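The next block holds one structure in the form of structure tokens; read it before the comments.
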Amino acid sequence: MRLDEFQALMEQLYGAVDRERGIPSTVAWIAEEVGELAQAVRKGTRDQQLHELGDVLAWVASLANQLDLSLTEAVQRYVDDPPR
């Protein structure tokens, strides 16, 4: 699945609810999910790591949708001029 397709899927599945929740709450959820990912990386199984990584990506897509930003555009700088 391409990034733009994933972002569109997250909008379809959760867009209205996520917008109602709002950006500050979405950022808080991202932080929580990153913490859960860190714990899975340290002590979890591969399946737990994949689960938490998926959660982080889903919340980042939600935030991008609420900000009306494209994940594809956001990562383009790594193609054009990667940070060193």
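Ligands are numbered from 1 in the order shown, residues from 1 within each chain, and chains are lettered A, B, ... in the order they appear in the structure tokens.
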Report task. Quick one: everything within 12 Å of Asp55 of chain A, counting only C-alpha atoms, minus sequence neighbours fewer than 6 positions away in the same chain. Send it as a PyMOL selection string. Result -> chain A and resi 10+29-37+48-49+61-62
Query raised in the report: Could you pull out the alpha helix (DSSP H) residues of chain A from DSSP and send them as an MDAnalysis selection string?
Result: chainID A and resid 3:21 23:43 46:66 71:80
Output file for the selection above: C-alpha atoms, as an mmCIF file, in the first residue's frame:
```cif
data_model
loop_
_atom_site.group_PDB
_atom_site.id
_atom_site.type_symbol
_atom_site.label_atom_id
_atom_site.label_comp_id
_atom_site.auth_asym_id
_atom_site.auth_seq_id
_atom_site.Cartn_x
_atom_site.Cartn_y
_atom_site.Cartn_z
ATOM 1 C CA LEU A 3 1.445 6.241 1.686
ATOM 2 C CA ASP A 4 -1.319 8.244 0.016
ATOM 3 C CA GLU A 5 -3.551 5.171 -0.061
ATOM 4 C CA PHE A 6 -2.914 4.503 3.617
ATOM 5 C CA GLN A 7 -3.637 8.123 4.498
ATOM 6 C CA ALA A 8 -6.901 7.964 2.535
ATOM 7 C CA LEU A 9 -7.852 4.730 4.299
ATOM 8 C CA MET A 10 -7.287 6.320 7.710
ATOM 9 C CA GLU A 11 -9.479 9.240 6.623
ATOM 10 C CA GLN A 12 -12.215 6.883 5.483
ATOM 11 C CA LEU A 13 -12.092 4.764 8.646
ATOM 12 C CA TYR A 14 -11.499 7.393 11.321
ATOM 13 C CA GLY A 15 -11.509 10.871 9.790
ATOM 14 C CA ALA A 16 -14.700 12.263 11.334
ATOM 15 C CA VAL A 17 -13.980 10.855 14.793
ATOM 16 C CA ASP A 18 -10.359 12.012 14.678
ATOM 17 C CA ARG A 19 -11.331 15.562 13.719
ATOM 18 C CA GLU A 20 -13.876 15.632 16.540
ATOM 19 C CA ARG A 21 -11.161 14.469 18.964
ATOM 20 C CA ILE A 23 -5.248 17.877 17.036
ATOM 21 C CA PRO A 24 -4.017 18.199 20.663
ATOM 22 C CA SER A 25 -5.552 14.842 21.580
ATOM 23 C CA THR A 26 -4.176 13.254 18.424
ATOM 24 C CA VAL A 27 -0.669 14.441 19.297
ATOM 25 C CA ALA A 28 -1.113 12.968 22.789
ATOM 26 C CA TRP A 29 -2.177 9.637 21.257
ATOM 27 C CA ILE A 30 0.883 9.665 18.997
ATOM 28 C CA ALA A 31 3.122 10.181 22.020
ATOM 29 C CA GLU A 32 1.437 7.318 23.854
ATOM 30 C CA GLU A 33 1.765 5.019 20.863
ATOM 31 C CA VAL A 34 5.458 5.873 20.434
ATOM 32 C CA GLY A 35 5.950 4.896 24.086
ATOM 33 C CA GLU A 36 4.190 1.587 23.461
ATOM 34 C CA LEU A 37 6.363 1.029 20.390
ATOM 35 C CA ALA A 38 9.500 1.723 22.418
ATOM 36 C CA GLN A 39 8.417 -0.831 25.001
ATOM 37 C CA ALA A 40 7.660 -3.396 22.285
ATOM 38 C CA VAL A 41 11.078 -2.813 20.733
ATOM 39 C CA ARG A 42 12.762 -3.374 24.090
ATOM 40 C CA LYS A 43 10.745 -6.305 25.387
ATOM 41 C CA ARG A 46 8.029 -9.172 16.434
ATOM 42 C CA ASP A 47 4.218 -9.283 16.239
ATOM 43 C CA GLN A 48 3.908 -6.755 19.075
ATOM 44 C CA GLN A 49 6.458 -4.505 17.376
ATOM 45 C CA LEU A 50 4.540 -4.649 14.084
ATOM 46 C CA HIS A 51 1.276 -3.914 15.902
ATOM 47 C CA GLU A 52 2.672 -0.850 17.669
ATOM 48 C CA LEU A 53 4.460 0.394 14.546
ATOM 49 C CA GLY A 54 1.157 0.207 12.700
ATOM 50 C CA ASP A 55 -0.540 2.175 15.486
ATOM 51 C CA VAL A 56 2.087 4.918 15.293
ATOM 52 C CA LEU A 57 1.720 5.155 11.524
ATOM 53 C CA ALA A 58 -2.076 5.302 11.792
ATOM 54 C CA TRP A 59 -1.976 8.171 14.300
ATOM 55 C CA VAL A 60 0.589 10.064 12.204
ATOM 56 C CA ALA A 61 -1.711 9.671 9.192
ATOM 57 C CA SER A 62 -4.600 10.960 11.303
ATOM 58 C CA LEU A 63 -2.600 14.019 12.296
ATOM 59 C CA ALA A 64 -1.604 14.663 8.683
ATOM 60 C CA ASN A 65 -5.244 14.452 7.652
ATOM 61 C CA GLN A 66 -6.323 16.893 10.350
ATOM 62 C CA LEU A 71 2.468 12.162 4.046
ATOM 63 C CA THR A 72 3.843 11.650 0.545
ATOM 64 C CA GLU A 73 4.895 15.287 0.382
ATOM 65 C CA ALA A 74 6.305 15.102 3.912
ATOM 66 C CA VAL A 75 8.672 12.266 3.059
ATOM 67 C CA GLN A 76 9.679 13.662 -0.342
ATOM 68 C CA ARG A 77 12.549 15.591 1.223
ATOM 69 C CA TYR A 78 14.210 12.256 1.997
ATOM 70 C CA VAL A 79 14.168 11.568 -1.727
ATOM 71 C CA ASP A 80 15.185 15.052 -2.883
#
```
